[in-house]
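The structure appears below as structure tokens.
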Amino acid sequence: MDSIPPFHSWRGPNPRRPRRKPSLERREAEAEHGRRSRPRPPEWVVEVGIGTGKPPFQVHAGTCHMNGSRRRPVSRDEARRLLADGLRACTHCQPDTQLHINDLVARGPRAHRRPAFR
């Protein structure tokens, strides 16, 4: 009976046999590799609308938690240009303040203005 190999060696893995966990060192090495190879988040993000052409809707900082699912990364210069043209700035991350262009946004044609309280 010693000449017959066990069931799992010639028929594949035995589903009743638990798999071994990877060693702690291997898990830590894989986690470190994931941290190093993860792409950096973009510095600035434009949230785009839906429909033909996907017009830009709002500018966010790259790490803002309020940016929507429809977004594209933009450079610092493009974010400044969009804000100067009057595109809305996110009220949470305030990219207009971070880019030091507060006075340009308020005069833009598409600037979001609050109604005056009376």
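Simple scheme: letters A, B, ... for chains in structure tokens order, numbers from 1 for residues in each chain, numbers from 1 for ligands in the order shown.
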
List the spatial neighbours of stretch 40-48 of chain A as a ChimeraX atom specification - criterion: any atom at most 6 Å away, only C-alpha atoms, same-chain residues fewer than 5 positions off excluded.
/A:54-62,70-74

Selected residues, C-alpha atoms, written as a compact mmCIF listing (two decimals), in the first residue's frame, please.
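Output contents, as saved in selection35.txt:
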```
# COMPACT_ATOMS: atom_id res chain seq x y z
CA LYS A 54 -18.56 65.65 -21.61
CA PRO A 55 -18.21 69.32 -20.66
CA PRO A 56 -16.13 70.11 -17.56
CA PHE A 57 -18.24 70.71 -14.49
CA GLN A 58 -16.04 71.34 -11.45
CA VAL A 59 -12.33 71.49 -10.50
CA HIS A 60 -11.02 69.48 -7.53
CA ALA A 61 -7.70 68.85 -5.85
CA GLY A 62 -6.47 65.35 -6.65
CA ARG A 70 -16.65 60.98 -14.05
CA ARG A 71 -13.33 62.77 -13.82
CA ARG A 72 -10.07 63.27 -15.63
CA PRO A 73 -6.68 64.42 -14.38
CA VAL A 74 -5.42 67.82 -15.48
```
